[in-house]
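**Q** What follows is upload_0.txt, compact mmCIF, C-alpha atoms and all ligand atoms.
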# COMPACT_ATOMS: atom_id res chain seq x y z
CA MET Q 1196 136.26 80.13 126.01
CA ASN Q 1197 135.04 80.49 122.47
CA PRO Q 1198 135.56 84.19 121.63
CA THR Q 1199 132.10 84.44 120.06
CA GLU Q 1200 130.69 83.51 123.45
CA ALA Q 1201 132.53 86.29 125.25
CA ASN Q 1202 130.52 89.08 126.78
CA GLN Q 1203 127.27 87.16 126.85
CA THR Q 1204 124.84 88.02 129.62
CA LEU Q 1205 122.14 85.78 131.05
CA ILE Q 1206 119.06 87.72 132.13
CA GLY Q 1207 116.47 86.02 134.33
CA PRO Q 1208 114.74 84.15 135.77
CA PHE Q 1209 111.42 85.46 134.48
CA SER Q 1210 108.11 83.98 135.67
CA GLN Q 1211 107.04 83.96 132.01
CA ILE Q 1212 108.62 84.99 128.72
CA LEU Q 1213 106.18 85.73 125.89
CA THR Q 1214 108.46 85.24 122.94
CA MET Q 1215 105.81 86.20 120.32
CA ASP Q 1216 107.73 83.75 118.12
CA ASN Q 1217 106.06 81.31 115.70
CA LEU Q 1218 102.86 83.37 115.46
CA PRO Q 1219 101.06 83.92 112.14
CA VAL Q 1220 101.84 87.30 110.56
CA ALA Q 1221 98.15 87.88 109.76
CA GLY Q 1222 94.70 86.75 110.83
CA PRO Q 1223 93.29 85.61 114.20
CA ILE Q 1224 95.53 84.30 117.00
CA ALA Q 1225 94.30 82.21 119.93
CA ASP Q 1226 96.03 82.69 123.28
CA ALA Q 1227 96.91 78.97 123.15
CA GLN Q 1228 99.20 79.80 120.21
CA LEU Q 1229 101.39 82.02 122.40
CA GLN Q 1230 104.76 80.55 123.27
CA VAL Q 1231 105.02 81.07 127.04
CA LEU Q 1232 108.36 80.09 128.57
CA GLU Q 1233 107.81 79.49 132.30
CA GLN Q 1234 110.85 80.25 134.50
CA GLY Q 1235 112.74 81.36 131.43
CA GLY Q 1236 115.93 83.21 130.74
CA VAL Q 1237 117.42 85.17 127.84
CA LEU Q 1238 121.04 85.13 126.71
CA VAL Q 1239 122.09 88.44 125.22
CA GLN Q 1240 125.26 89.44 123.42
CA GLY Q 1241 125.73 93.08 122.51
CA GLU Q 1242 122.54 94.35 120.89
CA LYS Q 1243 121.08 90.96 120.13
CA ILE Q 1244 119.38 87.95 121.62
CA VAL Q 1245 121.45 84.77 121.40
CA LYS Q 1246 119.08 82.29 122.94
CA THR Q 1247 116.02 81.84 125.14
CA GLY Q 1248 115.16 78.80 127.25
CA LYS Q 1249 114.66 77.37 130.71
CA TYR Q 1250 116.59 79.48 133.20
CA THR Q 1251 118.10 76.51 135.08
CA GLN Q 1252 119.52 75.11 131.83
CA LEU Q 1253 120.88 78.49 130.68
CA HIS Q 1254 122.29 79.15 134.16
CA ARG Q 1255 124.41 75.96 133.98
CA GLU Q 1256 125.77 77.12 130.62
CA ALA Q 1257 126.41 80.59 131.98
CA ILE Q 1258 128.42 79.29 134.93
CA GLU Q 1259 130.41 76.94 132.70
CA HIS Q 1260 131.29 79.69 130.21
CA LYS Q 1261 131.59 82.49 132.79
CA TYR Q 1262 128.83 84.61 131.27
CA LYS Q 1263 127.68 87.66 133.15
CA LEU Q 1264 124.48 87.27 135.15
CA GLU Q 1265 121.72 89.85 135.41
CA LEU Q 1266 119.51 88.46 138.13
CA ILE Q 1267 115.77 89.21 138.22
CA ARG Q 1268 114.75 89.03 141.87
CA GLU Q 1269 110.96 89.33 141.71
CA PRO Q 1270 108.16 87.82 139.64
CA MET Q 1271 108.30 89.36 136.17
CA VAL Q 1272 106.76 88.71 132.76
CA LEU Q 1273 108.99 89.52 129.79
CA LEU Q 1274 107.67 90.82 126.46
CA PRO Q 1275 109.36 92.23 123.35
CA GLY Q 1276 109.64 96.03 123.46
CA LEU Q 1277 106.53 97.76 122.12
CA VAL Q 1278 106.50 99.26 118.63
CA ASP Q 1279 104.37 102.38 118.01
CA ALA Q 1280 103.95 102.40 114.22
CA HIS Q 1281 102.10 105.72 113.76
CA THR Q 1282 102.74 109.01 115.59
CA HIS Q 1283 102.94 112.75 115.03
CA MET Q 1284 105.03 113.27 118.17
CA CYS Q 1285 107.15 116.07 116.72
CA PHE Q 1286 105.10 119.23 117.23
CA ALA Q 1287 104.97 122.49 119.16
CA GLY Q 1288 102.01 123.96 121.01
CA SER Q 1289 98.85 122.56 122.55
CA ARG Q 1290 95.40 122.15 121.03
CA ALA Q 1291 93.51 122.23 124.33
CA ASN Q 1292 91.30 124.97 122.89
CA ASP Q 1293 90.26 122.65 120.05
CA TYR Q 1294 89.38 120.03 122.63
CA ALA Q 1295 87.23 122.48 124.61
CA LEU Q 1296 85.38 123.51 121.46
CA ARG Q 1297 84.98 119.91 120.27
CA VAL Q 1298 83.43 118.67 123.51
CA ALA Q 1299 81.19 121.78 123.46
CA GLY Q 1300 79.81 120.44 120.20
CA LYS Q 1301 81.61 122.63 117.65
CA SER Q 1302 82.31 121.13 114.22
CA TYR Q 1303 85.67 120.54 112.58
CA LEU Q 1304 85.09 123.57 110.34
CA GLU Q 1305 84.04 125.84 113.20
CA ILE Q 1306 87.19 124.86 115.09
CA ALA Q 1307 89.35 125.53 112.02
CA ARG Q 1308 87.67 128.95 111.52
CA SER Q 1309 88.39 129.90 115.13
CA GLY Q 1310 92.12 129.36 114.51
CA GLY Q 1311 92.37 125.71 115.60
CA GLY Q 1312 92.94 122.48 113.72
CA ILE Q 1313 96.09 121.14 112.05
CA LEU Q 1314 97.07 124.60 110.76
CA ASP Q 1315 97.36 125.83 114.36
CA SER Q 1316 100.00 123.12 114.99
CA VAL Q 1317 101.63 124.08 111.66
CA ARG Q 1318 101.95 127.74 112.76
CA LYS Q 1319 103.46 126.82 116.13
CA THR Q 1320 105.78 124.17 114.70
CA ARG Q 1321 107.05 126.56 112.02
CA GLU Q 1322 107.73 129.18 114.73
CA ALA Q 1323 109.62 126.72 116.97
CA SER Q 1324 113.39 126.51 116.65
CA VAL Q 1325 115.25 123.24 116.06
CA VAL Q 1326 116.38 123.35 119.68
CA GLU Q 1327 112.83 123.82 121.00
CA LEU Q 1328 111.37 121.09 118.81
CA THR Q 1329 114.21 118.73 119.70
CA GLU Q 1330 113.60 119.27 123.41
CA LEU Q 1331 109.84 118.67 123.04
CA LEU Q 1332 110.31 115.49 121.01
CA LYS Q 1333 113.00 114.21 123.36
CA LYS Q 1334 110.69 114.56 126.38
CA ARG Q 1335 107.94 112.63 124.60
CA CYS Q 1336 110.47 109.93 123.69
CA ASP Q 1337 111.55 109.73 127.36
CA ARG Q 1338 107.97 109.04 128.37
CA HIS Q 1339 107.34 106.55 125.58
CA LEU Q 1340 110.49 104.58 126.41
CA ALA Q 1341 109.62 104.55 130.13
CA GLU Q 1342 106.25 103.06 129.19
CA GLY Q 1343 107.88 100.28 127.17
CA VAL Q 1344 107.93 101.65 123.62
CA THR Q 1345 111.36 100.84 122.19
CA THR Q 1346 110.67 101.69 118.50
CA CYS Q 1347 108.49 104.52 117.32
CA GLU Q 1348 107.52 105.99 113.98
CA VAL Q 1349 107.40 109.81 113.83
CA LYS Q 1350 105.91 111.84 110.98
CA SER Q 1351 106.66 115.31 109.73
CA GLY Q 1352 103.60 117.17 108.45
CA TYR Q 1353 103.40 120.31 110.60
CA GLY Q 1354 105.89 122.15 108.40
CA LEU Q 1355 104.26 122.05 104.94
CA THR Q 1356 107.04 124.08 103.33
CA VAL Q 1357 110.24 122.54 102.00
CA ASP Q 1358 112.33 124.18 104.74
CA ASP Q 1359 109.92 123.44 107.59
CA GLU Q 1360 109.40 119.82 106.57
CA LEU Q 1361 113.18 119.38 106.35
CA LYS Q 1362 113.48 121.02 109.78
CA MET Q 1363 111.05 118.52 111.29
CA LEU Q 1364 112.82 115.53 109.70
CA GLU Q 1365 116.18 116.86 110.88
CA VAL Q 1366 114.81 117.13 114.42
CA ILE Q 1367 113.52 113.55 114.26
CA GLY Q 1368 116.94 112.41 113.00
CA LEU Q 1369 118.74 114.37 115.69
CA VAL Q 1370 116.67 112.87 118.49
CA ASN Q 1371 117.02 109.41 116.94
CA ARG Q 1372 120.81 109.71 117.05
CA HIS Q 1373 120.89 110.81 120.70
CA HIS Q 1374 117.99 108.89 122.24
CA GLU Q 1375 117.84 105.21 123.10
CA LEU Q 1376 114.38 104.94 121.56
CA ASP Q 1377 114.64 104.05 117.83
CA LEU Q 1378 112.72 106.53 115.70
CA VAL Q 1379 111.46 105.72 112.20
CA PRO Q 1380 110.91 108.99 110.29
CA THR Q 1381 108.13 109.45 107.73
CA CYS Q 1382 107.61 112.41 105.41
CA LEU Q 1383 103.99 113.59 105.72
CA ALA Q 1384 104.29 116.80 103.72
CA ALA Q 1385 100.90 115.75 102.28
CA HIS Q 1386 99.16 116.17 105.65
CA MET Q 1387 96.97 118.97 104.36
CA LEU Q 1388 97.09 121.77 101.79
CA PRO Q 1389 99.22 124.59 103.24
CA PRO Q 1390 97.75 128.13 103.22
CA GLU Q 1391 100.33 129.15 100.57
CA PHE Q 1392 98.70 126.88 97.96
CA THR Q 1393 95.19 126.69 96.52
CA ASP Q 1394 95.60 123.65 94.23
CA ALA Q 1395 96.39 120.24 95.69
CA ASN Q 1396 98.00 118.93 92.50
CA VAL Q 1397 100.31 121.94 92.28
CA TYR Q 1398 101.34 121.48 95.91
CA LEU Q 1399 101.99 117.74 95.54
CA GLU Q 1400 104.04 118.40 92.37
CA HIS Q 1401 106.04 120.93 94.37
CA VAL Q 1402 106.66 118.36 97.13
CA LEU Q 1403 107.72 115.77 94.55
CA SER Q 1404 110.14 118.04 92.74
CA GLU Q 1405 111.51 120.18 95.60
CA LEU Q 1406 111.19 118.27 98.87
CA LEU Q 1407 111.34 114.51 98.34
CA PRO Q 1408 114.64 114.50 96.37
CA GLU Q 1409 116.16 116.53 99.21
CA VAL Q 1410 114.79 114.09 101.81
CA LEU Q 1411 116.49 111.25 99.92
CA GLU Q 1412 119.68 113.19 99.35
CA GLN Q 1413 120.00 113.97 103.06
CA ASN Q 1414 118.82 110.47 104.01
CA LEU Q 1415 116.13 111.92 106.30
CA ALA Q 1416 113.35 109.38 105.66
CA ASN Q 1417 112.48 106.44 103.42
CA ARG Q 1418 108.73 106.51 104.03
CA VAL Q 1419 106.08 108.79 102.53
CA ASP Q 1420 102.57 109.25 103.93
CA ILE Q 1421 99.48 111.16 102.78
CA PHE Q 1422 96.19 112.06 104.46
CA ILE Q 1423 93.37 111.00 102.12
CA GLU Q 1424 90.02 112.56 102.96
CA ASP Q 1425 87.83 115.22 101.34
CA THR Q 1426 89.16 117.79 103.83
CA ALA Q 1427 92.80 116.87 103.02
CA PHE Q 1428 93.80 115.19 99.70
CA LYS Q 1429 91.42 113.46 97.31
CA GLU Q 1430 92.04 110.00 95.87
CA ASP Q 1431 93.05 111.02 92.33
CA ALA Q 1432 95.69 113.47 93.46
CA ALA Q 1433 96.92 111.00 96.07
CA ILE Q 1434 97.46 108.04 93.75
CA SER Q 1435 99.68 109.87 91.27
CA TYR Q 1436 101.64 111.42 94.16
CA LEU Q 1437 102.19 108.08 95.85
CA LEU Q 1438 103.20 106.25 92.67
CA ALA Q 1439 105.73 108.99 91.93
CA ALA Q 1440 107.06 108.81 95.50
CA ARG Q 1441 107.34 105.04 95.17
CA ASP Q 1442 109.29 105.48 91.93
CA LEU Q 1443 111.71 107.67 93.87
CA GLY Q 1444 112.26 104.70 96.19
CA PHE Q 1445 110.05 105.52 99.18
CA ASP Q 1446 107.99 103.02 101.15
CA ILE Q 1447 104.37 104.13 101.20
CA THR Q 1448 101.89 104.43 104.05
CA VAL Q 1449 98.50 106.13 103.97
CA HIS Q 1450 96.06 107.86 106.33
CA ALA Q 1451 93.01 106.02 104.99
CA ASP Q 1452 89.28 105.53 105.64
CA GLN Q 1453 89.16 107.68 108.79
CA PHE Q 1454 85.79 109.30 108.07
CA SER Q 1455 85.00 107.98 104.58
CA THR Q 1456 86.28 105.08 102.48
CA GLY Q 1457 88.53 105.41 99.43
CA GLY Q 1458 91.94 105.82 101.04
CA SER Q 1459 92.51 102.12 101.55
CA ARG Q 1460 91.89 101.48 97.84
CA VAL Q 1461 94.56 104.07 97.04
CA ALA Q 1462 96.89 102.42 99.57
CA VAL Q 1463 96.44 99.07 97.84
CA GLU Q 1464 96.94 100.56 94.37
CA ALA Q 1465 100.09 102.33 95.49
CA GLY Q 1466 101.50 99.16 97.05
CA ALA Q 1467 101.52 100.74 100.53
CA VAL Q 1468 103.12 98.81 103.37
CA SER Q 1469 100.29 99.90 105.65
CA ALA Q 1470 96.95 101.70 105.61
CA ASP Q 1471 96.29 103.52 108.87
CA HIS Q 1472 93.12 104.67 110.74
CA LEU Q 1473 90.41 102.60 108.90
CA GLU Q 1474 87.53 103.54 111.23
CA ALA Q 1475 85.22 103.68 108.19
CA SER Q 1476 86.49 100.50 106.49
CA THR Q 1477 83.95 97.81 105.59
CA GLU Q 1478 84.15 94.23 104.37
CA ALA Q 1479 85.04 95.43 100.85
CA GLU Q 1480 88.07 97.46 102.02
CA ILE Q 1481 89.20 94.64 104.29
CA ALA Q 1482 89.09 92.18 101.37
CA LEU Q 1483 91.17 94.54 99.20
CA MET Q 1484 93.82 94.97 101.88
CA GLN Q 1485 93.90 91.25 102.58
CA GLU Q 1486 94.55 90.44 98.95
CA ALA Q 1487 97.33 93.01 98.73
CA GLY Q 1488 98.92 92.06 102.05
CA THR Q 1489 98.58 95.64 103.33
CA VAL Q 1490 99.08 95.95 107.08
CA ALA Q 1491 96.06 97.53 108.82
CA THR Q 1492 97.23 99.95 111.50
CA VAL Q 1493 94.37 101.09 113.73
CA LEU Q 1494 94.53 104.11 116.03
CA PRO Q 1495 92.23 103.82 119.06
CA GLY Q 1496 93.69 107.02 120.56
CA ALA Q 1497 92.14 109.06 117.74
CA SER Q 1498 88.76 107.40 118.29
CA LEU Q 1499 88.99 108.23 122.01
CA GLY Q 1500 90.03 111.82 121.31
CA LEU Q 1501 87.29 112.44 118.77
CA GLY Q 1502 84.62 110.48 120.63
CA MET Q 1503 84.00 108.24 117.64
CA HIS Q 1504 83.80 104.48 117.11
CA TYR Q 1505 86.90 102.29 116.82
CA ALA Q 1506 88.13 100.74 113.58
CA PRO Q 1507 86.57 97.26 113.08
CA ALA Q 1508 89.62 95.40 114.36
CA ARG Q 1509 87.84 92.09 115.03
CA GLN Q 1510 86.44 92.04 111.51
CA MET Q 1511 89.90 92.85 110.13
CA LEU Q 1512 91.53 89.91 111.89
CA ASP Q 1513 88.72 87.56 110.88
CA GLY Q 1514 89.20 88.85 107.33
CA GLY Q 1515 92.84 87.73 107.45
CA LEU Q 1516 94.55 91.11 107.91
CA CYS Q 1517 97.79 91.80 109.75
CA LEU Q 1518 96.54 94.17 112.49
CA ALA Q 1519 98.83 96.70 114.16
CA ILE Q 1520 97.74 99.12 116.89
CA ALA Q 1521 99.44 102.53 117.22
CA THR Q 1522 98.84 105.72 119.23
CA ASP Q 1523 98.58 108.39 116.50
CA TRP Q 1524 100.13 110.61 119.24
CA ASN Q 1525 99.36 114.14 118.01
CA PRO Q 1526 98.33 117.46 119.54
CA GLY Q 1527 94.82 117.44 118.06
CA SER Q 1528 92.86 114.19 118.15
CA ALA Q 1529 95.21 111.95 120.13
CA PRO Q 1530 97.26 113.79 122.78
CA MET Q 1531 97.41 110.83 125.21
CA GLY Q 1532 100.11 108.75 123.52
CA ASP Q 1533 99.74 105.72 125.80
CA LEU Q 1534 100.08 102.66 123.56
CA LEU Q 1535 99.42 99.92 126.11
CA LEU Q 1536 96.35 101.62 127.55
CA GLN Q 1537 94.85 102.28 124.13
CA ALA Q 1538 95.56 98.73 122.95
CA ALA Q 1539 93.89 97.34 126.08
CA LEU Q 1540 90.76 99.48 125.57
CA LEU Q 1541 90.52 98.54 121.89
CA GLY Q 1542 91.02 94.87 122.73
CA ALA Q 1543 88.17 94.94 125.26
CA ALA Q 1544 85.79 96.79 122.92
CA GLU Q 1545 86.60 94.76 119.81
CA LYS Q 1546 86.96 91.36 121.52
CA LEU Q 1547 90.56 90.78 120.54
CA THR Q 1548 92.39 87.93 122.24
CA ILE Q 1549 95.33 88.85 124.44
CA ALA Q 1550 97.60 87.28 121.82
CA GLU Q 1551 96.09 89.43 119.04
CA THR Q 1552 96.41 92.67 121.02
CA LEU Q 1553 99.99 91.99 122.12
CA ALA Q 1554 101.00 90.92 118.60
CA ALA Q 1555 99.50 94.18 117.28
CA VAL Q 1556 101.92 96.25 119.39
CA THR Q 1557 104.99 94.03 118.86
CA LEU Q 1558 105.71 91.81 115.87
CA ARG Q 1559 102.80 92.95 113.71
CA ALA Q 1560 103.56 96.62 114.46
CA ALA Q 1561 107.17 95.98 113.40
CA ARG Q 1562 105.77 94.59 110.15
CA ALA Q 1563 103.85 97.82 109.60
CA LEU Q 1564 107.25 99.55 109.58
CA ASN Q 1565 108.90 96.89 107.41
CA LEU Q 1566 111.21 95.98 110.31
CA THR Q 1567 112.13 92.31 110.61
CA ASP Q 1568 114.81 92.59 113.29
CA ARG Q 1569 112.47 93.18 116.26
CA GLY Q 1570 109.05 92.45 117.72
CA LYS Q 1571 109.84 89.01 119.14
CA ILE Q 1572 112.18 87.50 121.70
CA ALA Q 1573 114.11 85.09 119.55
CA LYS Q 1574 117.63 84.30 118.38
CA GLY Q 1575 119.16 87.06 116.27
CA LYS Q 1576 116.53 89.68 117.09
CA LEU Q 1577 117.37 92.96 118.81
CA ALA Q 1578 117.35 92.61 122.60
CA ASP Q 1579 114.51 95.13 123.00
CA MET Q 1580 112.60 93.73 125.96
CA ILE Q 1581 110.26 94.94 128.69
CA ALA Q 1582 109.48 93.27 132.04
CA PHE Q 1583 106.18 93.71 133.89
CA PRO Q 1584 105.92 93.15 137.66
CA THR Q 1585 103.51 90.19 137.57
CA ASP Q 1586 103.71 86.42 137.21
CA ASN Q 1587 100.78 86.17 134.78
CA TYR Q 1588 100.91 87.71 131.31
CA LYS Q 1589 97.12 88.06 131.27
CA GLU Q 1590 97.39 90.80 133.89
CA ILE Q 1591 99.19 93.12 131.46
CA LEU Q 1592 96.02 93.96 129.50
CA TYR Q 1593 93.66 93.09 132.36
CA PHE Q 1594 94.90 96.20 134.20
CA GLN Q 1595 94.02 98.29 131.12
CA GLY Q 1596 97.40 99.89 130.75
CA LYS Q 1597 97.91 100.82 134.41
CA LEU Q 1598 100.44 98.03 134.90
CA LYS Q 1599 103.57 99.53 133.36
CA PRO Q 1600 106.86 97.74 132.63
CA LYS Q 1601 109.35 98.03 135.46
CA ILE Q 1602 112.54 97.15 133.57
CA ILE Q 1603 113.31 98.06 129.97
CA TRP Q 1604 116.19 96.84 127.82
CA LYS Q 1605 117.02 98.61 124.59
CA LYS Q 1606 119.49 96.73 122.38
CA GLY Q 1607 120.54 94.64 125.37
CA HIS Q 1608 121.22 97.65 127.52
CA ARG Q 1609 119.12 98.32 130.61
CA VAL Q 1610 117.61 101.83 130.45
ZN ZN Z 1701 97.98 110.16 111.95
Can you turn what I pasted into structure tokens?
Ligand SMILES: [Zn+2]
**A**
Amino acid sequence: MNPTEANQTLIGPFSQILTMDNLPVAGPIADAQLQVLEQGGVLVQGEKIVKTGKYTQLHREAIEHKYKLELIREPMVLLPGLVDAHTHMCFAGSRANDYALRVAGKSYLEIARSGGGILDSVRKTREASVVELTELLKKRCDRHLAEGVTTCEVKSGYGLTVDDELKMLEVIGLVNRHHELDLVPTCLAAHMLPPEFTDANVYLEHVLSELLPEVLEQNLANRVDIFIEDTAFKEDAAISYLLAARDLGFDITVHADQFSTGGSRVAVEAGAVSADHLEASTEAEIALMQEAGTVATVLPGASLGLGMHYAPARQMLDGGLCLAIATDWNPGSAPMGDLLLQAALLGAAEKLTIAETLAAVTLRAARALNLTDRGKIAKGKLADMIAFPTDNYKEILYFQGKLKPKIIWKKGHRV
């Protein structure tokens, strides 16, 4: 036996494998463009996929070379593991009071004045110990992984002091090292102006000089995010902050166009990998992002939580954008954190094809995180795969997120 072939495992047969391979990285996708391998199998070695193909063919090879067999005994559809490209999953406390006030018709400002809002999460996250925060994040990761999310971005942003932001990023790193779910940390110290500061420029200068060099030094994150909105940071302050962060070597992502436009223009000017939210984006913003190749990450969970309209996802795809869908999992506007369910609801409302919705939570979501080693079932990619108990891939979104994956592989290992 060729030693490079040792320890290969054949997994299958699957009723269908959606490889998500050979799809355009941006713009519309018809379901006919999906590569659907009927009665397929996957050869895995270590963390990676070696080959996909017809199960009968691969089975002959496996017997000949004495590969291990991992037999799938019921009808299953295989998909790449889901990628959640935008979350605030590291937090302490609940904002159920905010929710009660919001559905009773109270405004954002009234809720903030009654002790709610982002600063409430900041207070509770600052008070929480590393052990407490780690435990909370770990439990959320357990749930995400069980629901098929194998890679997940997690932001800081409830610390808003140098020490508390570092604490959050350390917690994210700690959980990443000990959990099978891959976490991608992002520094969101520019989530909002902390109570200790009155001037946004002074605060952002402080973050640039005191926090970001430490984040690099300790290798805690290579992405920087900012919330651009009149209630958070304005465009002028944001652009100089982001350009300076980029000069330090960070990838840029932006909370943009949630309630008003302007953020996506900053994202484009700063060379951001992605602009996220985009509920308020119009044709003009879409054209800017298309020209710059900025990934549009939309967050239906926040629309659901706030009772507002979705981002114009159909228009974005027709305008040639790379569309990713993420949960925005956070204690305020998006506590649900169910990626598949939210993607299915958005797809139905915005008339996205099944191919477009599934691409937005796999390969295109990986692109939003600048990750090229996952998001499709193809040679050389990580063996992050999820199997749904059905023989028809169309049922995955048809059941609106209630059909969950039954088997999950992370880096070739069954979890
Ligand atoms: Zn967010």
**Q** Can you pull out every residue within 8 Å of Glu1545 of chain Q, counting only C-alpha atoms, but drop anything in the same chain fewer than 2 positions away, and send it as a compact mmCIF listing (two decimals) with C-alpha atoms, in the coordinates of the input?
**A**
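The resulting file, selection_1.txt, is reproduced below:
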# COMPACT_ATOMS: atom_id res chain seq x y z
CA PRO Q 1507 86.57 97.26 113.08
CA ALA Q 1508 89.62 95.40 114.36
CA ARG Q 1509 87.84 92.09 115.03
CA LEU Q 1541 90.52 98.54 121.89
CA GLY Q 1542 91.02 94.87 122.73
CA ALA Q 1543 88.17 94.94 125.26
CA LEU Q 1547 90.56 90.78 120.54
**Q** So what do you get for atom CA of Arg1559 of chain Q versus atom CA of Cys1382 of chain Q, distance-wise?
**A** 21.7 Å
**Q** Any residue with an atom at most 12 Å from ligand ZN 1701 (chain Z) counts, using only C-alpha atoms and all ligand atoms. Which are they? Put them as number ranges by chain.
**A** Q: 1279-1285, 1313, 1348-1353, 1381-1383, 1385-1387, 1420-1423, 1448-1453, 1470-1473, 1492-1498, 1521-1530, 1532
**Q** Mind checking which residues fall within 12 Å of His1401 of chain Q, counting all atoms listed in the file, ignoring those fewer than 2 positions away in the same chain, and posting them as a JSON list (two decimals) with C-alpha atoms, in the frame of the given file?
**A**
[["chain", "number", "residue", "atom", "x", "y", "z"],
["Q", 1355, "LEU", "CA", 104.26, 122.05, 104.94],
["Q", 1356, "THR", "CA", 107.04, 124.08, 103.33],
["Q", 1357, "VAL", "CA", 110.24, 122.54, 102.00],
["Q", 1384, "ALA", "CA", 104.29, 116.80, 103.72],
["Q", 1385, "ALA", "CA", 100.90, 115.75, 102.28],
["Q", 1388, "LEU", "CA", 97.09, 121.77, 101.79],
["Q", 1389, "PRO", "CA", 99.22, 124.59, 103.24],
["Q", 1391, "GLU", "CA", 100.33, 129.15, 100.57],
["Q", 1392, "PHE", "CA", 98.70, 126.88, 97.96],
["Q", 1394, "ASP", "CA", 95.60, 123.65, 94.23],
["Q", 1395, "ALA", "CA", 96.39, 120.24, 95.69],
["Q", 1396, "ASN", "CA", 98.00, 118.93, 92.50],
["Q", 1397, "VAL", "CA", 100.31, 121.94, 92.28],
["Q", 1398, "TYR", "CA", 101.34, 121.48, 95.91],
["Q", 1399, "LEU", "CA", 101.99, 117.74, 95.54],
["Q", 1403, "LEU", "CA", 107.72, 115.77, 94.55],
["Q", 1404, "SER", "CA", 110.14, 118.04, 92.74],
["Q", 1405, "GLU", "CA", 111.51, 120.18, 95.60],
["Q", 1406, "LEU", "CA", 111.19, 118.27, 98.87],
["Q", 1407, "LEU", "CA", 111.34, 114.51, 98.34],
["Q", 1408, "PRO", "CA", 114.64, 114.50, 96.37],
["Q", 1436, "TYR", "CA", 101.64, 111.42, 94.16]]
**Q** What separation in Å, quoted to one decimal, exists between atom CA of Ile1581 of chain Q and atom CA of Leu1364 of chain Q?
**A**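 Between atom CA of Ile1581 of chain Q and atom CA of Leu1364 of chain Q the gap is 28.1 Å.
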**Q** Considering all atoms listed in the file, state which residue in the set Q:Leu1518, Q:Ile1572, Q:Ile1591, Q:Leu1443 is at the smallest distance from Ala1539 of chain Q.
**A**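 Closest residue, counting all atoms listed in the file: Q:Ile1591.
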**Q** Do you have the atom CA of Asn1371 of chain Q-atom CA of Val1325 of chain Q distance handy?
**A**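 According to the coordinates, atom CA of Asn1371 of chain Q and atom CA of Val1325 of chain Q are separated by 14.0 Å.
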**Q** Considering all atoms listed in the file, return as an NGL selection string whatever protein or nucleic-acid residues lie within 7 Å of segment 1328-1338 of chain Q, sequence-local ones (same chain, fewer than 4 positions apart) excluded.
**A** :Q and (1284-1287 or 1323-1324 or 1342 or 1366 or 1370 or 1376)
**Q** Point out the residue among Q:Met1484, Q:Met1503, Q:Met1531, Q:Val1610 with the least atom-to-atom distance to Gly1515 of chain Q, counting all atoms listed in the file.
**A**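 Counting all atoms listed in the file, the residue closest to Gly1515 of chain Q is Q:Met1484.
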**Q** Which residue is closest to Ile1212 of chain Q? Choose from Q:Gly1575, Q:Pro1275, Q:Gly1288, Q:Gly1241 and count only C-alpha atoms.
**A** Q:Pro1275
**Q** Of the candidates Q:Trp1604, Q:Phe1583, Q:Leu1304, Q:Ala1550, which one gets nearest to Asp1226 of chain Q if we count all atoms listed in the file?
**A**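 Residue with the minimum atom-to-atom distance to Asp1226 of chain Q: Q:Ala1550.
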